[in-house]
Each structure stands twice: as C-alpha cells, then as structure tokens.
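Participant: Okay, so here is data15.pdb, and as you'll see once you scroll down, it has PDB, C-alpha atoms, pLDDT in the B column.
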```pdb
ATOM      1  CA  MET A 153      71.898 125.450  75.476  1.00 84.00           C
ATOM      2  CA  VAL A 154      74.925 123.202  75.745  1.00 90.00           C
ATOM      3  CA  PHE A 155      77.371 123.395  72.843  1.00 86.00           C
ATOM      4  CA  GLY A 156      80.481 121.499  71.832  1.00 89.00           C
ATOM      5  CA  ILE A 157      80.599 117.776  71.156  1.00 90.00           C
ATOM      6  CA  ARG A 158      82.319 116.739  74.398  1.00 91.00           C
ATOM      7  CA  ALA A 159      80.047 118.918  76.548  1.00 90.00           C
ATOM      8  CA  VAL A 160      76.931 117.473  74.904  1.00 91.00           C
ATOM      9  CA  ILE A 161      78.215 113.903  75.330  1.00 91.00           C
ATOM     10  CA  GLU A 162      78.833 114.550  79.028  1.00 90.00           C
ATOM     11  CA  ALA A 163      75.352 116.047  79.479  1.00 88.00           C
ATOM     12  CA  ILE A 164      73.759 112.972  77.893  1.00 89.00           C
ATOM     13  CA  GLN A 165      75.847 110.566  79.952  1.00 89.00           C
ATOM     14  CA  ALA A 166      74.872 112.475  83.095  1.00 84.00           C
ATOM     15  CA  ASP A 167      71.205 111.843  82.199  1.00 83.00           C
ATOM     16  CA  LYS A 168      70.415 115.533  81.851  1.00 83.00           C
ATOM     17  CA  GLU A 169      67.027 116.338  80.289  1.00 82.00           C
ATOM     18  CA  VAL A 170      67.817 117.043  76.631  1.00 88.00           C
ATOM     19  CA  ASP A 171      64.945 118.265  74.440  1.00 85.00           C
ATOM     20  CA  LYS A 172      66.730 118.038  71.107  1.00 88.00           C
ATOM     21  CA  ILE A 173      70.173 118.214  69.508  1.00 93.00           C
ATOM     22  CA  LEU A 174      71.143 120.169  66.411  1.00 93.00           C
ATOM     23  CA  VAL A 175      74.046 118.675  64.474  1.00 93.00           C
ATOM     24  CA  LYS A 176      75.885 120.263  61.548  1.00 92.00           C
ATOM     25  CA  ARG A 177      74.806 118.522  58.388  1.00 90.00           C
ATOM     26  CA  ASP A 178      78.274 117.319  57.314  1.00 88.00           C
ATOM     27  CA  LEU A 179      79.706 116.673  60.771  1.00 88.00           C
ATOM     28  CA  GLN A 180      82.345 113.930  60.788  1.00 87.00           C
ATOM     29  CA  GLY A 181      85.201 112.695  62.940  1.00 86.00           C
ATOM     30  CA  ASP A 182      85.846 110.409  65.895  1.00 87.00           C
ATOM     31  CA  LEU A 183      84.100 112.666  68.413  1.00 85.00           C
ATOM     32  CA  SER A 184      80.961 112.818  66.291  1.00 87.00           C
ATOM     33  CA  LYS A 185      80.969 109.008  66.095  1.00 90.00           C
ATOM     34  CA  GLU A 186      81.231 108.886  69.883  1.00 92.00           C
ATOM     35  CA  LEU A 187      78.272 111.292  70.157  1.00 93.00           C
ATOM     36  CA  PHE A 188      76.027 109.114  68.001  1.00 91.00           C
ATOM     37  CA  GLU A 189      77.150 106.024  69.887  1.00 92.00           C
ATOM     38  CA  VAL A 190      76.044 107.665  73.144  1.00 92.00           C
ATOM     39  CA  LEU A 191      72.735 108.679  71.540  1.00 91.00           C
ATOM     40  CA  ARG A 192      71.973 105.148  70.390  1.00 89.00           C
ATOM     41  CA  GLY A 193      68.881 103.795  72.142  1.00 84.00           C
ATOM     42  CA  ARG A 194      67.993 107.148  73.691  1.00 87.00           C
ATOM     43  CA  GLU A 195      64.780 108.984  72.802  1.00 83.00           C
ATOM     44  CA  ILE A 196      66.454 112.299  71.967  1.00 87.00           C
ATOM     45  CA  PRO A 197      65.479 113.985  68.672  1.00 87.00           C
ATOM     46  CA  VAL A 198      68.457 114.889  66.475  1.00 90.00           C
ATOM     47  CA  GLN A 199      68.200 117.365  63.588  1.00 89.00           C
ATOM     48  CA  ARG A 200      70.814 117.777  60.851  1.00 92.00           C
ATOM     49  CA  VAL A 201      71.046 121.502  60.061  1.00 92.00           C
ATOM     50  CA  PRO A 202      73.274 123.886  58.068  1.00 92.00           C
ATOM     51  CA  ALA A 203      76.248 125.359  59.916  1.00 90.00           C
ATOM     52  CA  GLU A 204      74.711 128.832  59.504  1.00 92.00           C
ATOM     53  CA  ARG A 205      71.835 127.918  61.792  1.00 91.00           C
ATOM     54  CA  LEU A 206      74.211 126.891  64.547  1.00 91.00           C
ATOM     55  CA  ASP A 207      76.248 130.073  64.049  1.00 90.00           C
ATOM     56  CA  ARG A 208      73.103 132.157  64.528  1.00 91.00           C
ATOM     57  CA  LEU A 209      72.459 130.495  67.885  1.00 90.00           C
ATOM     58  CA  THR A 210      75.905 131.113  69.363  1.00 86.00           C
ATOM     59  CA  ARG A 211      79.169 132.773  68.392  1.00 84.00           C
ATOM     60  CA  LYS A 212      81.151 130.419  70.580  1.00 85.00           C
ATOM     61  CA  ASN A 213      82.910 127.296  69.321  1.00 88.00           C
ATOM     62  CA  HIS A 214      79.994 124.863  69.059  1.00 90.00           C
ATOM     63  CA  GLN A 215      81.989 122.291  67.014  1.00 90.00           C
ATOM     64  CA  GLY A 216      78.859 121.603  64.969  1.00 91.00           C
ATOM     65  CA  VAL A 217      76.690 120.448  67.890  1.00 93.00           C
ATOM     66  CA  ILE A 218      74.185 122.309  70.083  1.00 92.00           C
ATOM     67  CA  ALA A 219      71.894 120.634  72.609  1.00 91.00           C
ATOM     68  CA  PHE A 220      68.749 122.263  73.973  1.00 89.00           C
ATOM     69  CA  MET A 221      68.220 121.377  77.601  1.00 86.00           C
ATOM     70  CA  SER A 222      64.770 121.092  79.128  1.00 81.00           C
ATOM     71  CA  ALA A 223      63.696 123.709  81.641  1.00 77.00           C
ATOM     72  CA  VAL A 224      61.948 121.008  83.703  1.00 82.00           C
ATOM     73  CA  THR A 225      62.381 117.352  84.562  1.00 84.00           C
ATOM     74  CA  TYR A 226      59.993 115.238  82.529  1.00 90.00           C
ATOM     75  CA  GLN A 227      57.961 112.601  84.319  1.00 92.00           C
ATOM     76  CA  SER A 228      56.951 109.088  83.262  1.00 93.00           C
ATOM     77  CA  LEU A 229      53.293 108.267  82.687  1.00 96.00           C
ATOM     78  CA  GLU A 230      53.998 104.815  84.116  1.00 95.00           C
ATOM     79  CA  ASP A 231      54.906 106.496  87.409  1.00 95.00           C
ATOM     80  CA  ILE A 232      52.166 109.142  87.407  1.00 96.00           C
ATOM     81  CA  ILE A 233      49.141 106.845  86.983  1.00 97.00           C
ATOM     82  CA  PRO A 234      49.905 104.454  89.903  1.00 96.00           C
ATOM     83  CA  PHE A 235      50.740 107.468  92.090  1.00 96.00           C
ATOM     84  CA  VAL A 236      47.349 109.086  91.369  1.00 97.00           C
ATOM     85  CA  TYR A 237      45.505 105.834  92.045  1.00 97.00           C
ATOM     86  CA  GLU A 238      47.406 105.384  95.323  1.00 96.00           C
ATOM     87  CA  GLN A 239      46.079 108.770  96.429  1.00 94.00           C
ATOM     88  CA  GLY A 240      42.546 107.466  95.985  1.00 95.00           C
ATOM     89  CA  LYS A 241      41.894 109.701  92.976  1.00 96.00           C
ATOM     90  CA  ASP A 242      40.672 109.071  89.449  1.00 97.00           C
ATOM     91  CA  PRO A 243      43.443 110.119  87.019  1.00 98.00           C
ATOM     92  CA  PHE A 244      42.752 113.111  84.771  1.00 98.00           C
ATOM     93  CA  ILE A 245      45.266 113.374  81.916  1.00 98.00           C
ATOM     94  CA  VAL A 246      45.575 115.656  78.868  1.00 98.00           C
ATOM     95  CA  LEU A 247      47.519 114.423  75.820  1.00 98.00           C
ATOM     96  CA  LEU A 248      48.747 116.773  73.080  1.00 97.00           C
ATOM     97  CA  ASP A 249      49.012 115.217  69.626  1.00 97.00           C
ATOM     98  CA  GLY A 250      51.102 117.334  67.250  1.00 92.00           C
ATOM     99  CA  VAL A 251      50.776 120.625  69.148  1.00 94.00           C
ATOM    100  CA  THR A 252      53.885 122.674  68.360  1.00 92.00           C
ATOM    101  CA  ASP A 253      53.117 126.249  69.454  1.00 93.00           C
ATOM    102  CA  VAL A 254      54.807 126.955  72.791  1.00 92.00           C
ATOM    103  CA  ARG A 255      52.365 129.715  73.757  1.00 94.00           C
ATOM    104  CA  ASN A 256      49.401 127.421  73.233  1.00 96.00           C
ATOM    105  CA  PHE A 257      51.237 124.812  75.274  1.00 96.00           C
ATOM    106  CA  GLY A 258      51.816 127.285  78.088  1.00 95.00           C
ATOM    107  CA  ALA A 259      48.176 128.378  78.077  1.00 96.00           C
ATOM    108  CA  ILE A 260      47.028 124.735  78.124  1.00 97.00           C
ATOM    109  CA  ALA A 261      49.330 123.991  81.057  1.00 97.00           C
ATOM    110  CA  ARG A 262      47.961 126.978  82.972  1.00 96.00           C
ATOM    111  CA  THR A 263      44.378 125.766  82.490  1.00 97.00           C
ATOM    112  CA  CYS A 264      45.277 122.190  83.374  1.00 97.00           C
ATOM    113  CA  GLU A 265      47.037 123.194  86.588  1.00 97.00           C
ATOM    114  CA  CYS A 266      44.071 125.338  87.649  1.00 97.00           C
ATOM    115  CA  ALA A 267      41.641 122.507  86.857  1.00 97.00           C
ATOM    116  CA  GLY A 268      43.535 119.852  88.782  1.00 96.00           C
ATOM    117  CA  VAL A 269      44.724 117.823  85.785  1.00 98.00           C
ATOM    118  CA  ASP A 270      47.288 115.265  86.948  1.00 98.00           C
ATOM    119  CA  ALA A 271      49.662 115.463  83.965  1.00 97.00           C
ATOM    120  CA  ILE A 272      50.129 116.611  80.381  1.00 98.00           C
ATOM    121  CA  VAL A 273      51.539 114.100  77.901  1.00 97.00           C
ATOM    122  CA  ILE A 274      53.602 115.093  74.843  1.00 96.00           C
ATOM    123  CA  PRO A 275      55.474 112.857  72.374  1.00 94.00           C
ATOM    124  CA  VAL A 276      59.235 112.837  71.931  1.00 90.00           C
ATOM    125  CA  LYS A 277      59.065 113.844  68.264  1.00 86.00           C
ATOM    126  CA  GLY A 278      56.947 116.373  66.363  1.00 84.00           C
ATOM    127  CA  SER A 279      55.821 118.207  69.450  1.00 88.00           C
ATOM    128  CA  VAL A 280      56.259 121.248  71.581  1.00 88.00           C
ATOM    129  CA  SER A 281      58.629 121.022  74.546  1.00 85.00           C
ATOM    130  CA  VAL A 282      59.033 122.953  77.762  1.00 86.00           C
ATOM    131  CA  ASN A 283      61.052 126.117  77.214  1.00 83.00           C
ATOM    132  CA  ALA A 284      61.185 129.622  78.657  1.00 81.00           C
ATOM    133  CA  ASP A 285      58.321 130.943  76.496  1.00 87.00           C
ATOM    134  CA  ALA A 286      56.070 128.044  77.447  1.00 89.00           C
ATOM    135  CA  ILE A 287      56.848 128.498  81.146  1.00 89.00           C
ATOM    136  CA  LYS A 288      56.182 132.237  80.951  1.00 91.00           C
ATOM    137  CA  THR A 289      52.833 131.742  79.187  1.00 91.00           C
ATOM    138  CA  SER A 290      51.871 129.089  81.713  1.00 93.00           C
ATOM    139  CA  ALA A 291      52.360 131.609  84.540  1.00 92.00           C
ATOM    140  CA  GLY A 292      54.708 129.112  86.156  1.00 89.00           C
ATOM    141  CA  ALA A 293      52.286 126.170  85.935  1.00 93.00           C
ATOM    142  CA  LEU A 294      54.886 124.096  84.097  1.00 92.00           C
ATOM    143  CA  HIS A 295      57.078 124.228  87.189  1.00 90.00           C
ATOM    144  CA  VAL A 296      54.271 122.505  89.115  1.00 93.00           C
ATOM    145  CA  LEU A 297      52.274 120.376  86.675  1.00 95.00           C
ATOM    146  CA  PRO A 298      53.922 117.075  85.657  1.00 95.00           C
ATOM    147  CA  VAL A 299      54.765 116.815  81.953  1.00 95.00           C
ATOM    148  CA  CYS A 300      55.305 113.315  80.581  1.00 96.00           C
ATOM    149  CA  LYS A 301      57.394 112.985  77.422  1.00 92.00           C
ATOM    150  CA  GLU A 302      56.469 109.625  75.934  1.00 94.00           C
ATOM    151  CA  LYS A 303      57.725 107.743  72.878  1.00 92.00           C
ATOM    152  CA  SER A 304      54.405 108.296  71.106  1.00 95.00           C
ATOM    153  CA  ILE A 305      50.874 109.465  71.873  1.00 97.00           C
ATOM    154  CA  ASN A 306      49.576 106.168  70.492  1.00 97.00           C
ATOM    155  CA  GLN A 307      51.565 104.161  73.016  1.00 97.00           C
ATOM    156  CA  ALA A 308      50.509 106.537  75.790  1.00 98.00           C
ATOM    157  CA  ILE A 309      46.826 106.064  74.890  1.00 98.00           C
ATOM    158  CA  ARG A 310      47.196 102.291  74.952  1.00 98.00           C
ATOM    159  CA  PHE A 311      48.946 102.398  78.318  1.00 98.00           C
ATOM    160  CA  LEU A 312      46.207 104.602  79.773  1.00 98.00           C
ATOM    161  CA  GLN A 313      43.507 102.251  78.530  1.00 98.00           C
ATOM    162  CA  GLN A 314      45.328  99.276  80.031  1.00 98.00           C
ATOM    163  CA  SER A 315      45.423 101.254  83.290  1.00 97.00           C
ATOM    164  CA  GLY A 316      41.645 101.701  83.366  1.00 97.00           C
ATOM    165  CA  VAL A 317      41.565 105.237  81.941  1.00 98.00           C
ATOM    166  CA  LYS A 318      38.885 106.091  79.373  1.00 98.00           C
ATOM    167  CA  VAL A 319      40.362 108.161  76.552  1.00 98.00           C
ATOM    168  CA  PHE A 320      38.348 110.839  74.716  1.00 98.00           C
ATOM    169  CA  ALA A 321      39.579 112.557  71.549  1.00 97.00           C
ATOM    170  CA  ALA A 322      38.458 116.022  70.491  1.00 95.00           C
ATOM    171  CA  SER A 323      37.571 115.864  66.803  1.00 93.00           C
ATOM    172  CA  GLU A 324      35.328 117.644  64.316  1.00 89.00           C
ATOM    173  CA  LYS A 325      34.630 114.137  62.949  1.00 87.00           C
ATOM    174  CA  ALA A 326      32.800 113.221  66.154  1.00 92.00           C
ATOM    175  CA  GLU A 327      29.042 112.822  66.284  1.00 92.00           C
ATOM    176  CA  ALA A 328      28.687 113.423  70.016  1.00 94.00           C
ATOM    177  CA  ASN A 329      28.600 116.942  71.442  1.00 96.00           C
ATOM    178  CA  TYR A 330      31.151 117.335  74.247  1.00 97.00           C
ATOM    179  CA  THR A 331      28.397 118.097  76.790  1.00 96.00           C
ATOM    180  CA  ALA A 332      26.410 114.968  75.867  1.00 95.00           C
ATOM    181  CA  VAL A 333      29.117 112.564  77.041  1.00 96.00           C
ATOM    182  CA  LYS A 334      29.712 111.370  80.602  1.00 96.00           C
ATOM    183  CA  TYR A 335      33.318 111.678  81.758  1.00 96.00           C
ATOM    184  CA  GLU A 336      33.108 109.215  84.626  1.00 92.00           C
ATOM    185  CA  GLY A 337      36.020 107.715  86.522  1.00 96.00           C
ATOM    186  CA  PRO A 338      39.576 107.937  85.203  1.00 98.00           C
ATOM    187  CA  VAL A 339      39.624 110.220  82.145  1.00 98.00           C
ATOM    188  CA  ALA A 340      42.099 111.359  79.492  1.00 98.00           C
ATOM    189  CA  ILE A 341      41.500 113.913  76.740  1.00 98.00           C
ATOM    190  CA  VAL A 342      43.500 113.969  73.503  1.00 98.00           C
ATOM    191  CA  MET A 343      43.859 117.335  71.767  1.00 97.00           C
ATOM    192  CA  GLY A 344      45.306 117.740  68.275  1.00 95.00           C
ATOM    193  CA  ALA A 345      46.991 120.578  66.436  1.00 89.00           C
ATOM    194  CA  GLU A 346      44.675 123.242  65.016  1.00 82.00           C
ATOM    195  CA  ASP A 347      45.529 122.481  61.400  1.00 83.00           C
ATOM    196  CA  THR A 348      45.589 118.673  61.459  1.00 86.00           C
ATOM    197  CA  GLY A 349      43.678 117.627  64.583  1.00 90.00           C
ATOM    198  CA  VAL A 350      44.220 114.302  66.329  1.00 95.00           C
ATOM    199  CA  SER A 351      45.839 111.820  63.935  1.00 95.00           C
ATOM    200  CA  LEU A 352      43.669 109.065  62.452  1.00 95.00           C
ATOM    201  CA  GLU A 353      46.005 106.493  63.982  1.00 96.00           C
ATOM    202  CA  ASN A 354      45.171 107.835  67.432  1.00 97.00           C
ATOM    203  CA  LEU A 355      41.495 108.534  66.764  1.00 96.00           C
ATOM    204  CA  ARG A 356      40.953 104.885  65.886  1.00 96.00           C
ATOM    205  CA  ILE A 357      42.034 103.612  69.287  1.00 97.00           C
ATOM    206  CA  CYS A 358      40.374 106.232  71.517  1.00 97.00           C
ATOM    207  CA  ASP A 359      37.301 105.117  73.456  1.00 97.00           C
ATOM    208  CA  ASN A 360      35.164 108.010  72.245  1.00 96.00           C
ATOM    209  CA  MET A 361      35.281 111.173  70.166  1.00 97.00           C
ATOM    210  CA  VAL A 362      33.630 114.455  71.093  1.00 97.00           C
ATOM    211  CA  LYS A 363      33.198 117.770  69.310  1.00 95.00           C
ATOM    212  CA  ILE A 364      32.697 121.364  70.335  1.00 95.00           C
ATOM    213  CA  PRO A 365      29.892 122.897  68.246  1.00 93.00           C
ATOM    214  CA  GLN A 366      30.834 125.848  66.056  1.00 89.00           C
ATOM    215  CA  PHE A 367      28.488 128.261  64.352  1.00 88.00           C
ATOM    216  CA  GLY A 368      30.836 130.798  62.784  1.00 87.00           C
ATOM    217  CA  THR A 369      32.875 130.732  59.601  1.00 86.00           C
ATOM    218  CA  ILE A 370      36.352 130.122  61.083  1.00 83.00           C
ATOM    219  CA  GLY A 371      37.435 126.512  60.737  1.00 74.00           C
ATOM    220  CA  SER A 372      38.538 125.737  64.278  1.00 80.00           C
ATOM    221  CA  LEU A 373      38.993 127.034  67.800  1.00 89.00           C
ATOM    222  CA  ASN A 374      42.402 127.857  69.199  1.00 93.00           C
ATOM    223  CA  VAL A 375      43.672 124.597  70.708  1.00 95.00           C
ATOM    224  CA  SER A 376      44.269 126.124  74.137  1.00 96.00           C
ATOM    225  CA  VAL A 377      40.696 127.478  74.190  1.00 96.00           C
ATOM    226  CA  ALA A 378      39.264 124.135  73.044  1.00 96.00           C
ATOM    227  CA  THR A 379      41.279 122.332  75.724  1.00 97.00           C
ATOM    228  CA  SER A 380      39.946 124.696  78.389  1.00 97.00           C
ATOM    229  CA  ILE A 381      36.359 124.024  77.317  1.00 97.00           C
ATOM    230  CA  LEU A 382      36.739 120.250  77.489  1.00 98.00           C
ATOM    231  CA  VAL A 383      38.810 120.211  80.666  1.00 98.00           C
ATOM    232  CA  TYR A 384      36.281 122.291  82.544  1.00 98.00           C
ATOM    233  CA  GLU A 385      33.402 120.153  81.304  1.00 97.00           C
ATOM    234  CA  VAL A 386      35.122 117.242  83.042  1.00 97.00           C
ATOM    235  CA  VAL A 387      35.549 119.415  86.141  1.00 97.00           C
ATOM    236  CA  ARG A 388      31.871 120.464  86.038  1.00 97.00           C
ATOM    237  CA  GLN A 389      30.662 116.881  85.834  1.00 96.00           C
ATOM    238  CA  ARG A 390      32.973 115.745  88.617  1.00 95.00           C
ATOM    239  CA  MET A 391      31.822 118.583  90.892  1.00 93.00           C
ATOM    240  CA  ASN A 392      28.169 117.742  90.225  1.00 91.00           C
ATOM    241  CA  LYS A 393      28.787 114.155  91.400  1.00 82.00           C
ATOM    242  CA  GLN A 394      30.312 115.180  94.726  1.00 70.00           C
TER     243      GLN A 394
END
```
Please lay out the structure from this file as structure tokens.
Facilitator:
Amino acid sequence: MVFGIRAVIEAIQADKEVDKILVKRDLQGDLSKELFEVLRGREIPVQRVPAERLDRLTRKNHQGVIAFMSAVTYQSLEDIIPFVYEQGKDPFIVLLDGVTDVRNFGAIARTCECAGVDAIVIPVKGSVSVNADAIKTSAGALHVLPVCKEKSINQAIRFLQQSGVKVFAASEKAEANYTAVKYEGPVAIVMGAEDTGVSLENLRICDNMVKIPQFGTIGSLNVSVATSILVYEVVRQRMNKQ
C-alpha cells in the first residue's frame, strides 16, 4: 500500500502499477483536486469509502487516500499477441469475465502456466487483481505468466478476433459439448464468474460457446476447475495434431 495524497500522486506520476485507490468519501482540498487531475484519463479504479475503512487498513496518516500497488507489472494484449505470432506459435489466451475471487484466480494462473497459456486477460474494473494471496495460490505462476489488464473484456475479445484469434466462451447456455468443438489455430477461452457466468454482452460477440456437461445437483463447477478442464482440452487437441 501507498498512503498519503502526495505519495499516491507521485506513484501515479512515476507510472507505478496501481490496482485501485481508496479515497475518503468527503475528501476535499487543493491536494485532493490535484490527485483527481492526475488520475484523469488513467484507467485506475477509484472507490469512495468511509474514513473508518481507511483507518482499519493503516494507523498512519493516510490523509484520506490509500493506493494498492500491483505485485506484478501488467502486460498489454496488443504487445503479447504480435510477440507470440513472431515466435511462430498460435496464441492461447484465457480471459476472465467478472472473476473476483483471488484464490480462484491464483489456481487458474497455475493451470494456465502449466498448460502453456500465453496470457491471462482481466478487465480494469469489476475484477480480481494480482495480490499476495493470488500469487501464493498460483505457486508463483503469476510471477511468470503475463497478465493483461485491459479496459474491458469486450474490447479484448474484439481485438483478439481482429488478430485472427478464435474466441470460445464457456456457458451453460451453449449447445455444443466442450469436447465436440475443434480448437484449431489461435484460440482464446472466456470464463465467467460462478454466479453470473460470461456476460451476455460478451457472449454475443464470441465465435462459439461450449459447455461442460453436469449430472449432479450443484449448479456450477468451481471456475478454476472449469478453466482447467477447457484449457487441457485445448492442450489435448493440440498434442494430437503434432
């Protein structure tokens, strides 16, 4: 954490990786105006919170502002895709739509690193971010696997499609079983949160939807387990083509 208005301003101006900023709900003054001026045009989530929440996070003089710094340097999808193509490989990307549990995120990252996924994509807002718990659960995979923090999953999907990547969404609404689909060439898989799934906005633009069959009474699989199943189906098919 970085706390204090001036310290947070300096961190932003130095282009440090900031995950989010908590600001006291009634914060006012010239310094606070300078902070919001610096934030203008930057994709950094800001939450207005009661002073008590900030006081619980630190006993030091936070001046009504606390910034959470990322434990890793986020990558850009626009850099990752050309780099993968230049290596003579077909990109393999996993996008997380609305996943907020850091332990699930860490478990997904661990699977993706083991399976040779090229990057995980998360949105700026309404999503998990890389923190100590996520890194621990990932067994260190998040120190190795590129994580791209994009403005939105929808924009990321469109960019991937424009880059020749076929995008598959995991959804219970799908007709096709995940094993009945061919994951040929450049592939991306979109996984949604366990309670809401992939948003309709994103489902509509994906190239295909696939489902994992379920025969029990529980409504859905854990998202990290479901991701592992789909990721390794892609791996299986790619290995069979070699």
Participant: Select, from A:Leu352, A:Leu248, A:Ala293, A:Leu312, the residue with the minimum atom-to-atom distance to Leu229 of chain A, counting all atoms listed in the file.
Facilitator: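 Closest to Leu229 of chain A of all the choices is A:Leu312.
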Participant: Please provide the set of residues having any atom within 12 Å of segment 328-338 of chain A, restricted to only C-alpha atoms, with same-chain residues fewer than 6 positions apart removed, written as a ChimeraX atom specification.
Facilitator: /A:233-234,236-237,240-246,269-270,312-322,359-366,378-379,381-393
Participant: Give me the result of the PyMOL selection byres ((chain A and resi 203) around 10) on this file, residue by residue, as a PDB file with C-alpha atoms, in the frame of the given file.
Facilitator:
```
ATOM      1  CA  LEU A 174      71.143 120.169  66.411  1.00 93.00           C
ATOM      2  CA  VAL A 175      74.046 118.675  64.474  1.00 93.00           C
ATOM      3  CA  LYS A 176      75.885 120.263  61.548  1.00 92.00           C
ATOM      4  CA  ARG A 177      74.806 118.522  58.388  1.00 90.00           C
ATOM      5  CA  ASP A 178      78.274 117.319  57.314  1.00 88.00           C
ATOM      6  CA  LEU A 179      79.706 116.673  60.771  1.00 88.00           C
ATOM      7  CA  ARG A 200      70.814 117.777  60.851  1.00 92.00           C
ATOM      8  CA  VAL A 201      71.046 121.502  60.061  1.00 92.00           C
ATOM      9  CA  PRO A 202      73.274 123.886  58.068  1.00 92.00           C
ATOM     10  CA  GLU A 204      74.711 128.832  59.504  1.00 92.00           C
ATOM     11  CA  ARG A 205      71.835 127.918  61.792  1.00 91.00           C
ATOM     12  CA  LEU A 206      74.211 126.891  64.547  1.00 91.00           C
ATOM     13  CA  ASP A 207      76.248 130.073  64.049  1.00 90.00           C
ATOM     14  CA  ARG A 208      73.103 132.157  64.528  1.00 91.00           C
ATOM     15  CA  HIS A 214      79.994 124.863  69.059  1.00 90.00           C
ATOM     16  CA  GLN A 215      81.989 122.291  67.014  1.00 90.00           C
ATOM     17  CA  GLY A 216      78.859 121.603  64.969  1.00 91.00           C
ATOM     18  CA  VAL A 217      76.690 120.448  67.890  1.00 93.00           C
TER      19      VAL A 217
END
```
Participant: Provide the atom CA of Asp231 of chain A to atom CA of Glu265 of chain A distance in Å, to one decimal place.
Facilitator: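 Atom-to-atom, atom CA of Asp231 of chain A and atom CA of Glu265 of chain A are spaced 18.5 Å apart.
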Participant: List the residues selected by the PyMOL selection byres ((chain A and resi 277-290) around 6) in the file shown, writing them as a PyMOL selection string.
Facilitator: chain A and resi 223+250-252+254-255+258-259+261-262+275-276+291-294
Participant: So what do you get for atom CA of Arg194 of chain A versus atom CA of Arg356 of chain A, distance-wise?
Facilitator: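 Atom-to-atom, atom CA of Arg194 of chain A to atom CA of Arg356 of chain A, that is 28.2 Å.
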Participant: Please report the interatomic distance between atom CA of Tyr226 of chain A and atom CA of Gln239 of chain A in Å with one decimal.
Facilitator: 20.7 Å
Participant: Need the shell around Arg192 of chain A: protein/DNA/RNA residues with any atom at most 12 Å away, counting all atoms listed in the file. Skip same-chain ones fewer than 6 positions apart. Format as a PyMOL selection string?
Facilitator: chain A and resi 161+164-165+185-186+198
Participant: With only C-alpha atoms as the atoms that count, which of A:Cys264, A:Leu297, A:Ile305, A:Ile218 lies nearest to Lys172 of chain A?
Facilitator: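 The shortest atom-to-atom distance to Lys172 of chain A comes from A:Ile218.
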Participant: Kindly provide, as AutoDock Vina command-line options, the centre and edge lengths (Å, one decimal) of an axis-aligned box around all atoms of segment 366-379 of chain A given in the file, with 8 Å on each side.
Facilitator:
```
--center_x 36.4 --center_y 126.6 --center_z 67.7 --size_x 31.8 --size_y 24.5 --size_z 32.1
```
Participant: Residues near Ala163 of chain A, anyone? I mean within 12 Å using all atoms listed in the file, not counting same-chain ones fewer than 2 positions away, as a PyMOL selection string.
Facilitator: chain A and resi 153-161+165-171+173+187+190-191+218-222
Participant: Find, counting only C-alpha atoms, the residue in A:Ile370, A:Leu247, A:Ala267, A:Ile232 that gets nearest to Val350 of chain A.
Facilitator: A:Leu247
Participant: Step by step: start from the point (56.6, 118.7, 86.6) in the file's coordinates, keep every protein, DNA or RNA residue that has an atom no farther than 8 Å from it, count all atoms listed in the file, and write the set as a ChimeraX atom specification.
Facilitator: /A:224-227,294-299
Participant: N, CA and C atoms are needed for segment 217-229 of chain A; please write them out as a PDB file, in the coordinates of the input.
Facilitator:
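The new file result30.pdb reads:
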```pdb
ATOM      1  N   VAL A 217      77.713 121.113  67.067  1.00 93.00           N
ATOM      2  CA  VAL A 217      76.690 120.448  67.890  1.00 93.00           C
ATOM      3  C   VAL A 217      76.164 121.404  68.961  1.00 93.00           C
ATOM      4  N   ILE A 218      74.838 121.535  69.018  1.00 92.00           N
ATOM      5  CA  ILE A 218      74.185 122.309  70.083  1.00 92.00           C
ATOM      6  C   ILE A 218      73.029 121.479  70.640  1.00 92.00           C
ATOM      7  N   ALA A 219      72.988 121.351  71.946  1.00 91.00           N
ATOM      8  CA  ALA A 219      71.894 120.634  72.609  1.00 91.00           C
ATOM      9  C   ALA A 219      71.017 121.627  73.356  1.00 91.00           C
ATOM     10  N   PHE A 220      69.705 121.446  73.230  1.00 89.00           N
ATOM     11  CA  PHE A 220      68.749 122.263  73.973  1.00 89.00           C
ATOM     12  C   PHE A 220      68.302 121.483  75.199  1.00 89.00           C
ATOM     13  N   MET A 221      68.555 122.049  76.357  1.00 86.00           N
ATOM     14  CA  MET A 221      68.220 121.377  77.601  1.00 86.00           C
ATOM     15  C   MET A 221      66.810 121.758  78.050  1.00 86.00           C
ATOM     16  N   SER A 222      66.114 120.820  78.646  1.00 81.00           N
ATOM     17  CA  SER A 222      64.770 121.092  79.128  1.00 81.00           C
ATOM     18  C   SER A 222      64.810 121.974  80.370  1.00 81.00           C
ATOM     19  N   ALA A 223      63.797 122.837  80.471  1.00 77.00           N
ATOM     20  CA  ALA A 223      63.696 123.709  81.641  1.00 77.00           C
ATOM     21  C   ALA A 223      63.083 122.988  82.841  1.00 77.00           C
ATOM     22  N   VAL A 224      62.539 121.789  82.613  1.00 82.00           N
ATOM     23  CA  VAL A 224      61.948 121.008  83.703  1.00 82.00           C
ATOM     24  C   VAL A 224      62.413 119.561  83.583  1.00 82.00           C
ATOM     25  N   THR A 225      62.123 118.785  84.607  1.00 84.00           N
ATOM     26  CA  THR A 225      62.381 117.352  84.562  1.00 84.00           C
ATOM     27  C   THR A 225      61.112 116.644  84.126  1.00 84.00           C
ATOM     28  N   TYR A 226      61.179 115.943  83.012  1.00 90.00           N
ATOM     29  CA  TYR A 226      59.993 115.238  82.529  1.00 90.00           C
ATOM     30  C   TYR A 226      59.701 114.024  83.404  1.00 90.00           C
ATOM     31  N   GLN A 227      58.410 113.731  83.511  1.00 92.00           N
ATOM     32  CA  GLN A 227      57.961 112.601  84.319  1.00 92.00           C
ATOM     33  C   GLN A 227      57.610 111.432  83.401  1.00 92.00           C
ATOM     34  N   SER A 228      57.385 110.273  84.002  1.00 93.00           N
ATOM     35  CA  SER A 228      56.951 109.088  83.262  1.00 93.00           C
ATOM     36  C   SER A 228      55.487 108.810  83.565  1.00 93.00           C
ATOM     37  N   LEU A 229      54.711 108.581  82.505  1.00 96.00           N
ATOM     38  CA  LEU A 229      53.293 108.267  82.687  1.00 96.00           C
ATOM     39  C   LEU A 229      53.125 106.997  83.510  1.00 96.00           C
TER      40      LEU A 229
END
```
